[in-house]
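Novice: There's a structure below that I have some questions on.
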Amino acid sequence: MAVVGLVLCTMEVDRTPGESRRPVAARAAAGQATRPAIVPRERWLADAAYTRPPTRYANRVSAVFVHHTDSPNGYDCADVPRIIRYLYAGQAGGRHWDDIGYNFLVDRCGTIYEGRAGGTDRAVVGAHTQGFNVGTTGIAAIGTFTAGVPVPKAMTDAIAAVAAWKLGLVGIDPRAEVQLVSTNSLSKYAAGTRGTFTAVSGHTDGYWTACPGAALMARLPEIREHAARLQGRR
């Protein structure tokens with residue numbers, strides 16, 4: 001199967017680091033979740049690695065931004081490593097980015113893949129949400145989820161599992177409000193200004209884009225609730 005087009009739902013890595021030191025989010029001791037099974041990047045990378053600069057890290061992950069890859073939906077899940085490798089080639093090769101933009105990718109069968117290098121349990125700075133790459137994690141749903149397109153439950157469950165785990169490492173409720181400081185003026189917020197987001201938000205909340213698509217945006221409330229339950233919250 002040929003994957004049509006390069007990813008349109010990712011933004012180049014921010015050049016000016018910064019993040020809110022006081023996210024407005026609940027920090028319950030019981031708010032952690034089990035780490036889901038994650039396929040390591042070596043499984044899709046094969047011999048396609050580009051030379052990249054050292055990984056950049058934030059102090060913590062305060063929010064999750066959900067994306068779609070704006071690529072075909074009718075893929076065989078066994079073909080996903082090749083699809084991710086294609087996306088990587090477009091970003092790290094064609095666009096000369098430092099790596100694939102997303103921290104994680106999730107397929108329609110619910111398999112979670114490590115995207116950007118640096119360690120799944122660390123606050124790796126991605127290239128997914130212009131202005132808000134620092135202190136966040138980008139999770140990409142492989143496919144296109146515009147209005148009316150079904151979003152597989154296995155996929156939303158997997159997104160919830162990653163969000164619950166990553167946010168739970170610092171005790172953040174996926175339904176809580178968090179404050180993030182924009183690192184540049186290419187986002188919806190001028191550089192240095194503070195924006196208020198839900199801890200699990202869509203790309204469009206921070207940047208002028210339709211990503212992750214109306215269908216997936218409509219599923220974010222249930223993804224947040226599922227993630228909260230995985231953290232043991234009511």
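Residue numbers start at 1 in each chain; chains themselves are named A, B, ... in the order of the structure tokens; ligands are numbered from 1 in the order shown.
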What are the closest atom pairs, with distances in Å to one decimal, for each residue of segment 99-143 of chain A lying within 8 Å of segment 202-217 of chain A, using only C-alpha atoms, rows by chain and rising residue number, as a tab-separated table?

Specialist:
residue	atom	partner	partner_atom	distance
A:His128	CA	A:His203	CA	8.0
A:Thr129	CA	A:His203	CA	6.1
A:Gln130	CA	A:Tyr207	CA	6.6
A:Gly131	CA	A:Gly206	CA	7.6
A:Phe132	CA	A:Gly206	CA	7.3

Novice: Write out as a VMD selection string which residues come within 9 Å of segment 120-122 of chain A when counting only C-alpha atoms, dropping same-chain ones fewer than 5 positions away.

Specialist: chain A and resid 35 38 40 57 to 61 103 to 104 114 to 115 166 169

Novice: Which residue out of A:Glu222, A:Glu42, A:Asp70, A:Asp47 has the minimum interatomic distance to Thr156 of chain A when only C-alpha atoms are used?

Specialist: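 Ranking A:Glu222, A:Glu42, A:Asp70, A:Asp47 by distance to Thr156 of chain A, first place goes to A:Glu222.
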
Novice: Which one of A:Glu177, A:Pro81, A:Thr196, A:Ala63 sits closest to Gly135 of chain A if you count only C-alpha atoms?

Specialist: A:Ala63

Novice: Can you pull out every residue within 12 Å of Leu45 of chain A, counting only C-alpha atoms, but drop anything in the same chain fewer than 2 positions away, and send it as a list in words?

Specialist: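 The residues that qualify are Val39, Pro40, Arg41, Glu42, Arg43, Asp47, Ala48, Ala49, Tyr50, Val80, Pro81, Arg82, Ile83, Ile84, Arg85, Tyr86, Leu87, Tyr88, Ala89, Ala92, Asp99, Ile100, Tyr113, Glu114, Gly115, Arg116 and Ala117 of chain A.
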
Novice: Measure the distance from atom CA of Gly118 of chain A to atom CA of Thr55 of chain A in Å and round it to one decimal.

Specialist: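 Atom-to-atom, atom CA of Gly118 of chain A and atom CA of Thr55 of chain A are spaced 5.8 Å apart.
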
Novice: Pick out the residues sitting within 6 Å of segment 138-140 of chain A, and hand them over as number ranges by chain; count only C-alpha atoms, and ignore anything fewer than 4 positions along from it in its own chain.

Specialist: A: 64-68, 102-105, 128

Novice: Deliver the residues from the most recent selection as a file, using all heavy atoms, as an mmCIF file, in the first residue's frame.

Specialist:
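As written to disk, selection_20.cif reads:
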data_model
loop_
_atom_site.group_PDB
_atom_site.id
_atom_site.type_symbol
_atom_site.label_atom_id
_atom_site.label_comp_id
_atom_site.auth_asym_id
_atom_site.auth_seq_id
_atom_site.Cartn_x
_atom_site.Cartn_y
_atom_site.Cartn_z
ATOM 1 N N VAL A 64 -0.589 16.692 26.974
ATOM 2 C CA VAL A 64 -0.515 15.833 25.791
ATOM 3 C C VAL A 64 -1.272 16.520 24.663
ATOM 4 O O VAL A 64 -2.387 17.008 24.870
ATOM 5 C CB VAL A 64 -1.144 14.460 26.084
ATOM 6 C CG1 VAL A 64 -1.359 13.671 24.801
ATOM 7 C CG2 VAL A 64 -0.282 13.674 27.064
ATOM 8 N N PHE A 65 -0.674 16.559 23.483
ATOM 9 C CA PHE A 65 -1.360 17.043 22.288
ATOM 10 C C PHE A 65 -1.606 15.866 21.355
ATOM 11 O O PHE A 65 -0.682 15.100 21.053
ATOM 12 C CB PHE A 65 -0.553 18.127 21.581
ATOM 13 C CG PHE A 65 -0.640 19.473 22.243
ATOM 14 C CD1 PHE A 65 0.403 19.953 23.019
ATOM 15 C CD2 PHE A 65 -1.780 20.255 22.110
ATOM 16 C CE1 PHE A 65 0.325 21.194 23.642
ATOM 17 C CE2 PHE A 65 -1.871 21.500 22.731
ATOM 18 C CZ PHE A 65 -0.822 21.962 23.501
ATOM 19 N N VAL A 66 -2.856 15.739 20.917
ATOM 20 C CA VAL A 66 -3.259 14.641 20.038
ATOM 21 C C VAL A 66 -3.282 15.130 18.592
ATOM 22 O O VAL A 66 -3.767 16.234 18.307
ATOM 23 C CB VAL A 66 -4.641 14.091 20.448
ATOM 24 C CG1 VAL A 66 -5.086 12.988 19.506
ATOM 25 C CG2 VAL A 66 -4.586 13.571 21.888
ATOM 26 N N HIS A 67 -2.778 14.298 17.697
ATOM 27 C CA HIS A 67 -2.664 14.612 16.277
ATOM 28 C C HIS A 67 -3.224 13.466 15.438
ATOM 29 O O HIS A 67 -3.461 12.368 15.947
ATOM 30 C CB HIS A 67 -1.191 14.778 15.892
ATOM 31 C CG HIS A 67 -0.455 15.795 16.694
ATOM 32 N ND1 HIS A 67 -0.174 17.060 16.227
ATOM 33 C CD2 HIS A 67 0.067 15.741 17.946
ATOM 34 C CE1 HIS A 67 0.479 17.739 17.155
ATOM 35 N NE2 HIS A 67 0.630 16.957 18.209
ATOM 36 N N HIS A 68 -3.407 13.719 14.148
ATOM 37 C CA HIS A 68 -3.499 12.625 13.189
ATOM 38 C C HIS A 68 -2.414 12.849 12.148
ATOM 39 O O HIS A 68 -1.914 13.961 11.984
ATOM 40 C CB HIS A 68 -4.894 12.489 12.580
ATOM 41 C CG HIS A 68 -5.327 13.603 11.676
ATOM 42 N ND1 HIS A 68 -6.534 13.589 11.027
ATOM 43 C CD2 HIS A 68 -4.732 14.769 11.294
ATOM 44 C CE1 HIS A 68 -6.661 14.681 10.292
ATOM 45 N NE2 HIS A 68 -5.583 15.415 10.441
ATOM 46 N N TYR A 102 6.608 13.387 16.261
ATOM 47 C CA TYR A 102 5.754 12.860 17.323
ATOM 48 C C TYR A 102 6.543 12.045 18.336
ATOM 49 O O TYR A 102 7.449 11.291 17.989
ATOM 50 C CB TYR A 102 4.676 11.955 16.728
ATOM 51 C CG TYR A 102 3.926 12.553 15.578
ATOM 52 C CD1 TYR A 102 3.982 11.968 14.313
ATOM 53 C CD2 TYR A 102 3.137 13.695 15.735
ATOM 54 C CE1 TYR A 102 3.277 12.501 13.239
ATOM 55 C CE2 TYR A 102 2.436 14.230 14.674
ATOM 56 C CZ TYR A 102 2.513 13.629 13.419
ATOM 57 O OH TYR A 102 1.825 14.159 12.370
ATOM 58 N N ASN A 103 6.137 12.129 19.582
ATOM 59 C CA ASN A 103 6.738 11.279 20.612
ATOM 60 C C ASN A 103 6.216 9.853 20.539
ATOM 61 O O ASN A 103 6.946 8.892 20.806
ATOM 62 C CB ASN A 103 6.458 11.854 21.993
ATOM 63 C CG ASN A 103 7.032 13.246 22.170
ATOM 64 O OD1 ASN A 103 6.312 14.234 22.040
ATOM 65 N ND2 ASN A 103 8.325 13.346 22.441
ATOM 66 N N PHE A 104 4.926 9.716 20.183
ATOM 67 C CA PHE A 104 4.306 8.398 20.060
ATOM 68 C C PHE A 104 3.383 8.394 18.853
ATOM 69 O O PHE A 104 2.834 9.432 18.463
ATOM 70 C CB PHE A 104 3.478 8.056 21.310
ATOM 71 C CG PHE A 104 4.276 8.042 22.587
ATOM 72 C CD1 PHE A 104 4.378 9.178 23.380
ATOM 73 C CD2 PHE A 104 4.925 6.880 23.002
ATOM 74 C CE1 PHE A 104 5.111 9.180 24.551
ATOM 75 C CE2 PHE A 104 5.664 6.870 24.185
ATOM 76 C CZ PHE A 104 5.763 8.015 24.960
ATOM 77 N N LEU A 105 3.199 7.209 18.277
ATOM 78 C CA LEU A 105 2.220 7.014 17.213
ATOM 79 C C LEU A 105 1.382 5.799 17.571
ATOM 80 O O LEU A 105 1.880 4.824 18.156
ATOM 81 C CB LEU A 105 2.886 6.805 15.852
ATOM 82 C CG LEU A 105 3.758 7.971 15.354
ATOM 83 C CD1 LEU A 105 5.225 7.700 15.679
ATOM 84 C CD2 LEU A 105 3.582 8.184 13.854
ATOM 85 N N HIS A 128 5.838 18.810 17.277
ATOM 86 C CA HIS A 128 4.471 18.446 16.922
ATOM 87 C C HIS A 128 3.467 19.582 17.080
ATOM 88 O O HIS A 128 2.457 19.616 16.384
ATOM 89 C CB HIS A 128 4.011 17.240 17.751
ATOM 90 C CG HIS A 128 4.199 17.405 19.222
ATOM 91 N ND1 HIS A 128 3.297 18.073 20.015
ATOM 92 C CD2 HIS A 128 5.211 16.997 20.043
ATOM 93 C CE1 HIS A 128 3.728 18.063 21.268
ATOM 94 N NE2 HIS A 128 4.893 17.425 21.316
#

Novice: Skip Ser182 of chain A itself and residues of its chain fewer than 5 positions away, then list as a count of residues only all residues within 7 Å of it, counting only C-alpha atoms.

Specialist: 8

Novice: Enumerate as a CSV table (one decimal) with N, CA and C atoms, in the first residue's frame all residues of segment 38-184 of chain A assigned to strand (DSSP E or B) by DSSP on the backbone, naming them with the chain letters and numbers the document uses.

Specialist:
chain,number,residue,atom,x,y,z
A,39,VAL,N,6.0,-0.3,21.3
A,39,VAL,CA,6.9,-0.9,20.4
A,39,VAL,C,8.1,0.1,20.2
A,57,TYR,N,15.5,17.9,26.3
A,57,TYR,CA,14.6,17.5,27.3
A,57,TYR,C,14.0,18.7,28.0
A,63,ALA,N,1.4,18.3,29.6
A,63,ALA,CA,0.2,18.1,28.7
A,63,ALA,C,0.5,17.2,27.6
A,64,VAL,N,-0.6,16.7,27.0
A,64,VAL,CA,-0.5,15.8,25.8
A,64,VAL,C,-1.3,16.5,24.7
A,65,PHE,N,-0.7,16.6,23.5
A,65,PHE,CA,-1.4,17.0,22.3
A,65,PHE,C,-1.6,15.9,21.4
A,66,VAL,N,-2.9,15.7,20.9
A,66,VAL,CA,-3.3,14.6,20.0
A,66,VAL,C,-3.3,15.1,18.6
A,67,HIS,N,-2.8,14.3,17.7
A,67,HIS,CA,-2.7,14.6,16.3
A,67,HIS,C,-3.2,13.5,15.4
A,68,HIS,N,-3.4,13.7,14.1
A,68,HIS,CA,-3.5,12.6,13.2
A,68,HIS,C,-2.4,12.8,12.1
A,104,PHE,N,4.9,9.7,20.2
A,104,PHE,CA,4.3,8.4,20.1
A,104,PHE,C,3.4,8.4,18.9
A,105,LEU,N,3.2,7.2,18.3
A,105,LEU,CA,2.2,7.0,17.2
A,105,LEU,C,1.4,5.8,17.6
A,106,VAL,N,0.1,5.9,17.2
A,106,VAL,CA,-0.8,4.8,17.6
A,106,VAL,C,-1.6,4.4,16.3
A,112,ILE,N,0.9,0.8,20.1
A,112,ILE,CA,1.6,2.1,20.4
A,112,ILE,C,3.1,2.0,20.0
A,113,TYR,N,3.5,3.0,19.2
A,113,TYR,CA,4.9,3.0,18.8
A,113,TYR,C,5.7,4.1,19.4
A,114,GLU,N,6.9,3.9,19.8
A,114,GLU,CA,7.8,5.0,20.2
A,114,GLU,C,8.1,5.8,18.9
A,124,VAL,N,10.9,14.2,26.6
A,124,VAL,CA,11.5,14.5,25.3
A,124,VAL,C,10.8,15.7,24.6
A,136,THR,N,5.5,19.0,26.7
A,136,THR,CA,4.4,18.3,26.3
A,136,THR,C,4.8,17.0,25.5
A,137,THR,N,3.8,16.1,25.3
A,137,THR,CA,4.0,14.9,24.5
A,137,THR,C,3.1,14.9,23.4
A,138,GLY,N,3.5,14.6,22.2
A,138,GLY,CA,2.7,14.5,21.0
A,138,GLY,C,2.4,13.1,20.7
A,139,ILE,N,1.1,12.8,20.6
A,139,ILE,CA,0.6,11.4,20.2
A,139,ILE,C,-0.1,11.5,18.9
A,140,ALA,N,0.3,10.8,17.9
A,140,ALA,CA,-0.3,10.9,16.6
A,140,ALA,C,-1.1,9.6,16.3
A,141,ALA,N,-2.3,9.8,15.9
A,141,ALA,CA,-3.2,8.7,15.4
A,141,ALA,C,-2.9,8.5,13.9
A,172,ILE,N,-0.7,14.4,37.0
A,172,ILE,CA,-1.6,15.3,36.4
A,172,ILE,C,-2.9,14.6,36.0
A,177,GLU,N,-7.1,21.5,33.9
A,177,GLU,CA,-6.5,22.6,33.2
A,177,GLU,C,-5.0,22.7,33.5
A,178,VAL,N,-4.2,22.9,32.5
A,178,VAL,CA,-2.8,23.2,32.6
A,178,VAL,C,-2.5,24.5,31.9
A,179,GLN,N,-1.4,25.2,32.4
A,179,GLN,CA,-1.0,26.4,31.7
A,179,GLN,C,0.4,26.2,31.1
A,180,LEU,N,0.5,26.5,29.9
A,180,LEU,CA,1.8,26.4,29.1
A,180,LEU,C,2.2,27.7,28.6
A,181,VAL,N,3.5,28.0,28.5
A,181,VAL,CA,4.0,29.3,28.0
A,181,VAL,C,4.4,29.0,26.5

Novice: State, in Å with one decimal place, the distance from atom CA of Gln231 of chain A to atom CA of Lys153 of chain A.

Specialist: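 Atom-to-atom, atom CA of Gln231 of chain A to atom CA of Lys153 of chain A, that is 18.8 Å.
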
Novice: Contacts of Ala158 of chain A at 9 Å or less, counting only C-alpha atoms, minus same-chain residues fewer than 2 places along, as a PDB file with N, CA and C atoms, in the first residue's frame?

Specialist:
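Contents of the output file out.pdb:
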ATOM      1  N   PRO A  36       1.859   1.437  29.315  1.00  0.00           N
ATOM      2  CA  PRO A  36       1.343   0.507  28.308  1.00  0.00           C
ATOM      3  C   PRO A  36       2.485  -0.111  27.512  1.00  0.00           C
ATOM      4  N   VAL A 106       0.102   5.857  17.224  1.00  0.00           N
ATOM      5  CA  VAL A 106      -0.844   4.790  17.557  1.00  0.00           C
ATOM      6  C   VAL A 106      -1.566   4.373  16.284  1.00  0.00           C
ATOM      7  N   ASP A 107      -1.655   3.077  16.034  1.00  0.00           N
ATOM      8  CA  ASP A 107      -2.338   2.628  14.820  1.00  0.00           C
ATOM      9  C   ASP A 107      -3.787   2.235  15.121  1.00  0.00           C
ATOM     10  N   CYS A 109      -5.185  -0.523  15.153  1.00  0.00           N
ATOM     11  CA  CYS A 109      -5.333  -1.749  15.927  1.00  0.00           C
ATOM     12  C   CYS A 109      -5.000  -1.538  17.400  1.00  0.00           C
ATOM     13  N   GLY A 110      -4.587  -0.327  17.756  1.00  0.00           N
ATOM     14  CA  GLY A 110      -4.285  -0.018  19.145  1.00  0.00           C
ATOM     15  C   GLY A 110      -2.841  -0.250  19.554  1.00  0.00           C
ATOM     16  N   THR A 111      -1.963  -0.500  18.590  1.00  0.00           N
ATOM     17  CA  THR A 111      -0.545  -0.678  18.898  1.00  0.00           C
ATOM     18  C   THR A 111       0.109   0.692  19.052  1.00  0.00           C
ATOM     19  N   ILE A 112       0.912   0.831  20.089  1.00  0.00           N
ATOM     20  CA  ILE A 112       1.594   2.086  20.386  1.00  0.00           C
ATOM     21  C   ILE A 112       3.059   1.962  19.975  1.00  0.00           C
ATOM     22  N   LYS A 153     -12.047   2.247  18.332  1.00  0.00           N
ATOM     23  CA  LYS A 153     -11.952   2.264  19.797  1.00  0.00           C
ATOM     24  C   LYS A 153     -10.580   1.811  20.270  1.00  0.00           C
ATOM     25  N   ALA A 154      -9.979   0.837  19.567  1.00  0.00           N
ATOM     26  CA  ALA A 154      -8.644   0.386  19.962  1.00  0.00           C
ATOM     27  C   ALA A 154      -7.649   1.534  19.912  1.00  0.00           C
ATOM     28  N   MET A 155      -7.843   2.435  18.962  1.00  0.00           N
ATOM     29  CA  MET A 155      -6.955   3.588  18.829  1.00  0.00           C
ATOM     30  C   MET A 155      -7.173   4.582  19.962  1.00  0.00           C
ATOM     31  N   THR A 156      -8.415   4.916  20.256  1.00  0.00           N
ATOM     32  CA  THR A 156      -8.675   5.871  21.339  1.00  0.00           C
ATOM     33  C   THR A 156      -8.268   5.297  22.689  1.00  0.00           C
ATOM     34  N   ALA A 160      -5.509   7.009  25.178  1.00  0.00           N
ATOM     35  CA  ALA A 160      -5.810   7.221  26.600  1.00  0.00           C
ATOM     36  C   ALA A 160      -4.757   6.574  27.486  1.00  0.00           C
ATOM     37  N   ALA A 161      -4.297   5.396  27.106  1.00  0.00           N
ATOM     38  CA  ALA A 161      -3.307   4.682  27.917  1.00  0.00           C
ATOM     39  C   ALA A 161      -1.982   5.441  27.973  1.00  0.00           C
ATOM     40  N   VAL A 162      -1.537   5.966  26.828  1.00  0.00           N
ATOM     41  CA  VAL A 162      -0.292   6.739  26.815  1.00  0.00           C
ATOM     42  C   VAL A 162      -0.455   8.016  27.632  1.00  0.00           C
ATOM     43  N   ALA A 163      -1.576   8.714  27.421  1.00  0.00           N
ATOM     44  CA  ALA A 163      -1.819   9.963  28.143  1.00  0.00           C
ATOM     45  C   ALA A 163      -1.874   9.729  29.650  1.00  0.00           C
TER      46      ALA A 163
END

Novice: Could you work out how far atom CA of Val149 of chain A lies from atom CA of Leu186 of chain A, giving the answer in Å with one decimal?

Specialist: 29.0 Å

Novice: Can you pull out every residue from chain A that DSSP, working from the backbone, puts in alpha helix (DSSP H), and format the result as an MDAnalysis selection string?

Specialist: chainID A and resid 42:45 80:88 153:168 214:230
